[in-house]
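Worksheet for the structure shown next.
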Amino acid sequence: MEKMPFREAQAVTDLHAVMAEARNAATTTTSDWRKALPVLTGSMVTLRELRLSDAPSLLQMLSTEEVARFISPPPTTVEGFERFIAWTHRERAAGHYVCFAVVPHGMDSAIGIFQVRQLEPSFDTAEWGFAIGSAFWGTGVFVDAAKMVIDFTFNTIRTHRLEARAAVLNGRGNAALKKLGATAEGVLRKSFLRNGEYLDQTLWTILAADWALIRQTSSIVH
Ligand SMILES: CC(C)(COP(=O)(O)OP(=O)(O)OC[C@H]1O[C@@H](n2cnc3c(N)ncnc32)[C@H](O)[C@@H]1OP(=O)(O)O)[C@@H](O)C(=O)NCCC(=O)NCCS
């Protein structure tokens, strides 16, 4: 999801409501993800709902040139990230979208995010995207988090087809998707406007049936 659906200029913020909701989310273990996201624990990271206190860390991690180069420009201030976080809670409550914070074991704040949004009202098809602070690239954090997000999308949200779009020039993003076992279905020509230039994107997909097979056979995501 190189084009993030969040539009800062349109964001209306109720930060108190977000903070109250975050307290409830900490205890959520049910699959009723529209009320609050569950906490998912992997071998390297925990995935949880974003908290307002993640804003400074996300600003530091996601606004560098190397991270933001091939994605929609992230917010440029702590307050901008707070508005983004409030927006993620509202979109999740509306049942359109989820955003997981990536928190390495031993840390408290998010160092990255995984977003999944519905492409049609039933969430039958969905699109995902991710960004992680570059200090954590190549550490295994990505695959650990990605496995849990894909499991959640297919098993809990019950999505059938999960799409990702990665700029063809984004070598690392494309390699990460390929490594997970995603299928490159084609190139979406001049489909992403970044810095005044239209870029081609590769469309990567994983079907629920693909993922069941990948889970059984791939050494990367075992
Ligand atoms: C995409 C992202 C989350 C992946 O996390 P990561 O920790 O970098 O991923 P990994 O290191 O596990 O996998 C990346 C793979 O790309 C390979 N790679 C790195 N640079 C590459 C390049 N220029 N061309 C091809 N492959 C490349 C790595 O060697 C690695 O493969 P390996 O594990 O088989 O060696 C992270 O790079 C990121 O946040 N990028 C910026 C945001 C972004 O582009 N998001 C993608 C939107 S679709």
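Following the order of the structure tokens, first chain is A, next is B, and so on, with residues numbered from 1 inside each chain and ligands from 1 in the order they appear.
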| Asn170 in chain A environment, 9 Å, only C-alpha atoms, sequence neighbours closer than 5 positions dropped, as a ChimeraX atom specification | /A:69-70,175,201
Please identify all protein, DNA and RNA residues within 7 Å of ligand 1, counting only C-alpha atoms and all ligand atoms, and report them as a compact mmCIF listing (two decimals) with N, CA and C atoms, in the first residue's frame.
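Wrote it out as out33.txt, contents follow:
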```txt
# COMPACT_ATOMS: atom_id res chain seq x y z
N MET A 1 0.86 -1.18 0.00
CA MET A 1 0.00 0.00 0.00
C MET A 1 0.90 1.23 0.00
N GLU A 2 1.46 1.48 -1.12
CA GLU A 2 2.36 2.62 -1.17
C GLU A 2 1.56 3.91 -1.07
N GLU A 66 15.04 7.29 3.13
CA GLU A 66 15.13 5.91 2.64
C GLU A 66 13.85 5.12 2.91
N VAL A 67 13.17 5.42 4.02
CA VAL A 67 11.91 4.71 4.31
C VAL A 67 10.77 5.27 3.45
N ALA A 68 10.70 6.60 3.35
CA ALA A 68 9.52 7.24 2.74
C ALA A 68 9.60 7.36 1.22
N PHE A 70 9.39 5.51 -1.40
CA PHE A 70 8.45 4.87 -2.32
C PHE A 70 7.06 4.71 -1.72
N ILE A 71 6.75 5.48 -0.67
CA ILE A 71 5.39 5.41 -0.09
C ILE A 71 4.81 6.82 -0.04
N GLY A 129 0.10 -2.88 3.29
CA GLY A 129 1.34 -2.16 3.10
C GLY A 129 2.06 -2.05 4.43
N PHE A 130 3.34 -1.75 4.37
CA PHE A 130 4.14 -1.79 5.60
C PHE A 130 5.33 -0.87 5.48
N ALA A 131 5.79 -0.40 6.61
CA ALA A 131 7.02 0.39 6.66
C ALA A 131 7.63 0.21 8.04
N ILE A 132 8.95 0.03 8.02
CA ILE A 132 9.69 -0.24 9.26
C ILE A 132 10.91 0.69 9.27
N GLY A 133 11.28 1.19 10.44
CA GLY A 133 12.48 2.03 10.55
C GLY A 133 13.70 1.30 10.01
N SER A 134 14.56 2.02 9.30
CA SER A 134 15.65 1.33 8.59
C SER A 134 16.66 0.67 9.53
N PHE A 136 15.94 -1.36 11.58
CA PHE A 136 15.43 -2.72 11.80
C PHE A 136 15.34 -3.52 10.50
N TRP A 137 15.78 -2.94 9.40
CA TRP A 137 15.76 -3.68 8.13
C TRP A 137 16.76 -4.84 8.20
N GLY A 138 16.40 -5.93 7.59
CA GLY A 138 17.32 -7.07 7.51
C GLY A 138 17.51 -7.81 8.83
N THR A 139 16.67 -7.53 9.82
CA THR A 139 16.85 -8.15 11.15
C THR A 139 15.94 -9.36 11.37
N GLY A 140 14.96 -9.55 10.47
CA GLY A 140 13.98 -10.62 10.69
C GLY A 140 12.66 -10.10 11.25
N VAL A 141 12.66 -8.84 11.68
CA VAL A 141 11.44 -8.23 12.22
C VAL A 141 10.33 -8.22 11.17
N PHE A 142 10.70 -7.91 9.92
CA PHE A 142 9.67 -7.83 8.87
C PHE A 142 8.93 -9.16 8.71
N VAL A 143 9.66 -10.25 8.54
CA VAL A 143 8.99 -11.54 8.29
C VAL A 143 8.19 -11.96 9.52
N ALA A 164 -0.78 -6.31 -2.76
CA ALA A 164 0.18 -5.26 -2.37
C ALA A 164 0.69 -4.63 -3.65
N ARG A 165 0.92 -3.34 -3.60
CA ARG A 165 1.50 -2.62 -4.73
C ARG A 165 2.84 -2.08 -4.31
N ALA A 166 3.87 -2.37 -5.08
CA ALA A 166 5.21 -1.88 -4.76
C ALA A 166 5.80 -1.23 -6.00
N ASN A 170 11.36 -0.02 -6.22
CA ASN A 170 11.56 -0.32 -4.80
C ASN A 170 12.08 -1.76 -4.65
N GLY A 171 13.38 -1.93 -4.88
CA GLY A 171 13.98 -3.27 -4.88
C GLY A 171 13.73 -4.02 -3.59
N ARG A 172 13.90 -3.32 -2.49
CA ARG A 172 13.75 -3.96 -1.18
C ARG A 172 12.30 -4.37 -0.92
N GLY A 173 11.36 -3.48 -1.24
CA GLY A 173 9.94 -3.78 -1.02
C GLY A 173 9.49 -4.97 -1.87
N ASN A 174 9.91 -5.00 -3.12
CA ASN A 174 9.53 -6.11 -4.00
C ASN A 174 10.16 -7.43 -3.53
N ALA A 175 11.43 -7.36 -3.12
CA ALA A 175 12.10 -8.59 -2.66
C ALA A 175 11.46 -9.12 -1.39
N ALA A 176 11.01 -8.21 -0.53
CA ALA A 176 10.38 -8.64 0.72
C ALA A 176 9.09 -9.39 0.41
N LYS A 179 9.86 -12.81 -1.17
CA LYS A 179 10.37 -13.73 -0.15
C LYS A 179 9.24 -14.38 0.64
```
| Any idea what's packed within 8 Å of range 91-98 of chain A, counting only C-alpha atoms, ignoring anything in its chain fewer than 5 positions away? Could you give it as a list in words? |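 Here the qualifying residues turn out to be Trp33, Arg34, Lys35, Ala36, Leu37, Gln115, Val116, Arg117, Gln118, Pro121 and Phe123 of chain A.
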| request: Looking only at alpha helix (DSSP H) from DSSP on the backbone, list the matching residues of range 81-187 of chain A as JSON, numbers by chain. | output: {"A": [81, 82, 83, 84, 85, 86, 87, 88, 89, 90, 91, 92, 93, 141, 142, 143, 144, 145, 146, 147, 148, 149, 150, 151, 152, 171, 172, 173, 174, 175, 176, 177, 178, 179, 180]}
Grab the residues selected above and save them as a short mmCIF file (atom, residue, chain, number, x, y, z; two decimals), in the first residue's frame with N, CA and C atoms.
```cif
data_model
loop_
_atom_site.label_atom_id
_atom_site.label_comp_id
_atom_site.auth_asym_id
_atom_site.auth_seq_id
_atom_site.Cartn_x
_atom_site.Cartn_y
_atom_site.Cartn_z
N PHE A 81 1.34 12.69 13.26
CA PHE A 81 1.25 11.25 13.53
C PHE A 81 0.13 10.96 14.53
N GLU A 82 -0.07 11.86 15.50
CA GLU A 82 -1.18 11.64 16.44
C GLU A 82 -2.52 11.65 15.70
N ARG A 83 -2.65 12.57 14.74
CA ARG A 83 -3.90 12.61 13.95
C ARG A 83 -4.03 11.33 13.12
N PHE A 84 -2.91 10.86 12.57
CA PHE A 84 -2.93 9.60 11.82
C PHE A 84 -3.38 8.45 12.72
N ILE A 85 -2.83 8.40 13.94
CA ILE A 85 -3.16 7.30 14.87
C ILE A 85 -4.65 7.34 15.22
N ALA A 86 -5.17 8.54 15.48
CA ALA A 86 -6.61 8.66 15.78
C ALA A 86 -7.44 8.19 14.59
N TRP A 87 -6.98 8.54 13.39
CA TRP A 87 -7.69 8.13 12.17
C TRP A 87 -7.68 6.60 12.02
N THR A 88 -6.55 5.94 12.36
CA THR A 88 -6.50 4.47 12.24
C THR A 88 -7.52 3.81 13.16
N HIS A 89 -7.73 4.41 14.35
CA HIS A 89 -8.71 3.83 15.28
C HIS A 89 -10.13 3.99 14.73
N ARG A 90 -10.39 5.14 14.15
CA ARG A 90 -11.75 5.37 13.61
C ARG A 90 -12.03 4.44 12.43
N GLU A 91 -11.04 4.28 11.57
CA GLU A 91 -11.23 3.43 10.39
C GLU A 91 -11.40 1.96 10.79
N ARG A 92 -10.65 1.54 11.81
CA ARG A 92 -10.79 0.17 12.32
C ARG A 92 -12.18 -0.03 12.92
N ALA A 93 -12.65 0.95 13.72
CA ALA A 93 -13.99 0.85 14.33
C ALA A 93 -15.08 0.79 13.26
N VAL A 141 12.66 -8.84 11.68
CA VAL A 141 11.44 -8.23 12.22
C VAL A 141 10.33 -8.22 11.17
N PHE A 142 10.70 -7.91 9.92
CA PHE A 142 9.67 -7.83 8.87
C PHE A 142 8.93 -9.16 8.71
N VAL A 143 9.66 -10.25 8.54
CA VAL A 143 8.99 -11.54 8.29
C VAL A 143 8.19 -11.96 9.52
N ASP A 144 8.73 -11.74 10.70
CA ASP A 144 8.00 -12.12 11.92
C ASP A 144 6.65 -11.39 11.98
N ALA A 145 6.68 -10.08 11.71
CA ALA A 145 5.43 -9.30 11.75
C ALA A 145 4.52 -9.66 10.58
N ALA A 146 5.10 -9.79 9.39
CA ALA A 146 4.29 -10.04 8.18
C ALA A 146 3.48 -11.33 8.32
N LYS A 147 4.12 -12.37 8.86
CA LYS A 147 3.41 -13.66 9.04
C LYS A 147 2.16 -13.46 9.88
N MET A 148 2.30 -12.72 10.98
CA MET A 148 1.16 -12.55 11.89
C MET A 148 0.06 -11.70 11.23
N VAL A 149 0.47 -10.68 10.47
CA VAL A 149 -0.53 -9.83 9.81
C VAL A 149 -1.28 -10.63 8.74
N ILE A 150 -0.56 -11.45 7.99
CA ILE A 150 -1.23 -12.25 6.94
C ILE A 150 -2.14 -13.29 7.58
N ASP A 151 -1.66 -13.96 8.62
CA ASP A 151 -2.52 -14.92 9.34
C ASP A 151 -3.79 -14.23 9.82
N PHE A 152 -3.63 -13.05 10.41
CA PHE A 152 -4.78 -12.31 10.94
C PHE A 152 -5.75 -11.96 9.81
N GLY A 171 13.38 -1.93 -4.88
CA GLY A 171 13.98 -3.27 -4.88
C GLY A 171 13.73 -4.02 -3.59
N ARG A 172 13.90 -3.32 -2.49
CA ARG A 172 13.75 -3.96 -1.18
C ARG A 172 12.30 -4.37 -0.92
N GLY A 173 11.36 -3.48 -1.24
CA GLY A 173 9.94 -3.78 -1.02
C GLY A 173 9.49 -4.97 -1.87
N ASN A 174 9.91 -5.00 -3.12
CA ASN A 174 9.53 -6.11 -4.00
C ASN A 174 10.16 -7.43 -3.53
N ALA A 175 11.43 -7.36 -3.12
CA ALA A 175 12.10 -8.59 -2.66
C ALA A 175 11.46 -9.12 -1.39
N ALA A 176 11.01 -8.21 -0.53
CA ALA A 176 10.38 -8.64 0.72
C ALA A 176 9.09 -9.39 0.41
N LEU A 177 8.29 -8.89 -0.54
CA LEU A 177 7.03 -9.55 -0.90
C LEU A 177 7.30 -10.90 -1.58
N LYS A 178 8.28 -10.91 -2.44
CA LYS A 178 8.62 -12.17 -3.14
C LYS A 178 9.05 -13.23 -2.13
N LYS A 179 9.86 -12.81 -1.17
CA LYS A 179 10.37 -13.73 -0.15
C LYS A 179 9.24 -14.38 0.64
N LEU A 180 8.15 -13.65 0.83
CA LEU A 180 7.01 -14.21 1.57
C LEU A 180 6.23 -15.23 0.76
#
```
| said: At a cut-off of 9 Å, using only C-alpha atoms, what residues contact range 153-155 of chain A? Leave out same-chain residues fewer than 6 positions from it and give the result as number ranges by chain. | reply: A: 116, 126, 161-162, 207-208, 211
Those residues you just picked out, can you put them in a file as a CSV table (one decimal), in the first residue's frame with N, CA and C atoms?
```csv
chain,number,residue,atom,x,y,z
A,116,VAL,N,-3.7,-2.7,6.6
A,116,VAL,CA,-4.6,-3.6,5.7
A,116,VAL,C,-5.9,-2.8,5.5
A,126,ALA,N,-8.5,-7.3,-0.1
A,126,ALA,CA,-7.8,-6.3,0.7
A,126,ALA,C,-6.5,-6.0,0.2
A,161,ARG,N,-8.4,-12.6,-0.8
A,161,ARG,CA,-7.2,-12.2,-1.7
A,161,ARG,C,-6.6,-10.9,-1.1
A,162,LEU,N,-5.3,-11.0,-0.9
A,162,LEU,CA,-4.6,-9.9,-0.3
A,162,LEU,C,-3.6,-9.3,-1.4
A,207,LEU,N,-3.3,-15.4,-2.2
A,207,LEU,CA,-4.7,-15.9,-1.9
A,207,LEU,C,-4.7,-16.7,-0.6
A,208,ALA,N,-5.8,-16.8,0.0
A,208,ALA,CA,-5.9,-17.5,1.2
A,208,ALA,C,-5.4,-19.0,1.0
A,211,TRP,N,-1.6,-19.0,0.9
A,211,TRP,CA,-1.0,-18.8,2.2
A,211,TRP,C,-1.0,-20.1,3.0
```
| said: For a test of reading the model, state the distance in Å between CA of Leu193 in chain A and CA of Phe6 in chain A, rounded to one decimal. | reply: 15.4 Å
| said: Quick check, in Å to one decimal: how far apart do CA of Phe114 in chain A and CA of Pro75 in chain A lie? | reply: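 So the answer is 15.9 Å.
Counting only C-alpha atoms and comparing A:Ile206, A:Ala135, A:Ala212, A:Ala55, the residue that lies closest to Gly181 in chain A is A:Ile206.
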| task | Mind giving me the straight-line distance from CA of Gln60 in chain A to CA of Arg48 in chain A in Å, one decimal? | result | 19.0 Å
Mind the document's chain letters and residue numbers, and return as an mmCIF file with N, CA and C atoms, in the first residue's frame the residues of range 5-150 of chain A that DSSP labels strand (DSSP E).
```cif
data_model
loop_
_atom_site.group_PDB
_atom_site.id
_atom_site.type_symbol
_atom_site.label_atom_id
_atom_site.label_comp_id
_atom_site.auth_asym_id
_atom_site.auth_seq_id
_atom_site.Cartn_x
_atom_site.Cartn_y
_atom_site.Cartn_z
ATOM 1 N N LEU A 40 -0.786 -9.440 19.232
ATOM 2 C CA LEU A 40 -0.235 -10.656 18.620
ATOM 3 C C LEU A 40 1.249 -10.726 18.957
ATOM 4 N N THR A 41 1.694 -11.895 19.397
ATOM 5 C CA THR A 41 3.083 -12.010 19.837
ATOM 6 C C THR A 41 3.854 -12.964 18.944
ATOM 7 N N VAL A 45 8.759 -9.708 17.687
ATOM 8 C CA VAL A 45 7.971 -8.483 17.884
ATOM 9 C C VAL A 45 6.583 -8.788 18.423
ATOM 10 N N THR A 46 5.990 -7.747 19.000
ATOM 11 C CA THR A 46 4.566 -7.745 19.333
ATOM 12 C C THR A 46 3.873 -6.814 18.349
ATOM 13 N N LEU A 47 2.688 -7.223 17.909
ATOM 14 C CA LEU A 47 1.834 -6.347 17.107
ATOM 15 C C LEU A 47 0.664 -5.939 17.983
ATOM 16 N N ARG A 48 0.359 -4.671 17.962
ATOM 17 C CA ARG A 48 -0.773 -4.160 18.767
ATOM 18 C C ARG A 48 -1.322 -2.925 18.083
ATOM 19 N N GLU A 49 -2.452 -2.451 18.638
ATOM 20 C CA GLU A 49 -3.038 -1.197 18.150
ATOM 21 C C GLU A 49 -2.029 -0.054 18.366
ATOM 22 N N TYR A 97 -10.549 -1.090 7.886
ATOM 23 C CA TYR A 97 -9.088 -0.950 7.862
ATOM 24 C C TYR A 97 -8.528 -1.383 9.203
ATOM 25 N N VAL A 98 -7.319 -1.941 9.188
ATOM 26 C CA VAL A 98 -6.595 -2.140 10.452
ATOM 27 C C VAL A 98 -5.157 -1.661 10.272
ATOM 28 N N CYS A 99 -4.581 -1.193 11.368
ATOM 29 C CA CYS A 99 -3.166 -0.805 11.356
ATOM 30 C C CYS A 99 -2.518 -1.337 12.622
ATOM 31 N N PHE A 100 -1.539 -2.220 12.448
ATOM 32 C CA PHE A 100 -0.804 -2.764 13.591
ATOM 33 C C PHE A 100 0.497 -1.992 13.794
ATOM 34 N N ALA A 101 0.794 -1.697 15.059
ATOM 35 C CA ALA A 101 2.101 -1.175 15.446
ATOM 36 C C ALA A 101 3.054 -2.350 15.590
ATOM 37 N N VAL A 102 4.294 -2.183 15.124
ATOM 38 C CA VAL A 102 5.329 -3.205 15.281
ATOM 39 C C VAL A 102 6.229 -2.780 16.442
ATOM 40 N N VAL A 103 6.247 -3.584 17.494
ATOM 41 C CA VAL A 103 7.023 -3.238 18.690
ATOM 42 C C VAL A 103 7.981 -4.389 18.995
ATOM 43 N N PRO A 104 9.287 -4.201 18.781
ATOM 44 C CA PRO A 104 10.232 -5.278 19.093
ATOM 45 C C PRO A 104 10.202 -5.632 20.578
ATOM 46 N N GLY A 112 7.451 0.591 13.457
ATOM 47 C CA GLY A 112 6.913 0.443 12.108
ATOM 48 C C GLY A 112 5.428 0.156 12.176
ATOM 49 N N ILE A 113 4.829 0.088 11.000
ATOM 50 C CA ILE A 113 3.384 -0.182 10.924
ATOM 51 C C ILE A 113 3.080 -1.142 9.781
ATOM 52 N N PHE A 114 2.026 -1.916 9.959
ATOM 53 C CA PHE A 114 1.434 -2.738 8.894
ATOM 54 C C PHE A 114 -0.024 -2.308 8.758
ATOM 55 N N GLN A 115 -0.400 -1.900 7.561
ATOM 56 C CA GLN A 115 -1.776 -1.468 7.307
ATOM 57 C C GLN A 115 -2.464 -2.467 6.378
ATOM 58 N N VAL A 116 -3.750 -2.733 6.637
ATOM 59 C CA VAL A 116 -4.564 -3.555 5.730
ATOM 60 C C VAL A 116 -5.883 -2.827 5.540
ATOM 61 N N ARG A 117 -6.281 -2.619 4.288
ATOM 62 C CA ARG A 117 -7.564 -1.945 4.053
ATOM 63 C C ARG A 117 -8.410 -2.763 3.096
ATOM 64 N N GLN A 118 -9.700 -2.668 3.293
ATOM 65 C CA GLN A 118 -10.592 -3.408 2.393
ATOM 66 C C GLN A 118 -10.603 -2.730 1.022
ATOM 67 N N THR A 125 -11.593 -8.837 -0.609
ATOM 68 C CA THR A 125 -10.271 -8.517 -1.132
ATOM 69 C C THR A 125 -9.744 -7.325 -0.349
ATOM 70 N N ALA A 126 -8.453 -7.334 -0.117
ATOM 71 C CA ALA A 126 -7.849 -6.303 0.722
ATOM 72 C C ALA A 126 -6.466 -5.969 0.169
ATOM 73 N N GLU A 127 -5.968 -4.827 0.607
ATOM 74 C CA GLU A 127 -4.627 -4.402 0.216
ATOM 75 C C GLU A 127 -3.826 -4.135 1.479
ATOM 76 N N TRP A 128 -2.554 -4.535 1.482
ATOM 77 C CA TRP A 128 -1.743 -4.266 2.657
ATOM 78 C C TRP A 128 -0.495 -3.498 2.272
ATOM 79 N N GLY A 129 0.095 -2.884 3.288
ATOM 80 C CA GLY A 129 1.341 -2.158 3.099
ATOM 81 C C GLY A 129 2.057 -2.055 4.431
ATOM 82 N N PHE A 130 3.342 -1.746 4.371
ATOM 83 C CA PHE A 130 4.137 -1.788 5.600
ATOM 84 C C PHE A 130 5.333 -0.870 5.479
ATOM 85 N N ALA A 131 5.794 -0.399 6.607
ATOM 86 C CA ALA A 131 7.024 0.394 6.656
ATOM 87 C C ALA A 131 7.633 0.207 8.039
ATOM 88 N N ILE A 132 8.951 0.032 8.023
ATOM 89 C CA ILE A 132 9.692 -0.240 9.259
ATOM 90 C C ILE A 132 10.909 0.692 9.267
#
```
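Among the candidates A:Ser53, A:Ser219, A:Thr205, A:Ser191, the one nearest to Ala167 in chain A when counting only C-alpha atoms is A:Ser191.
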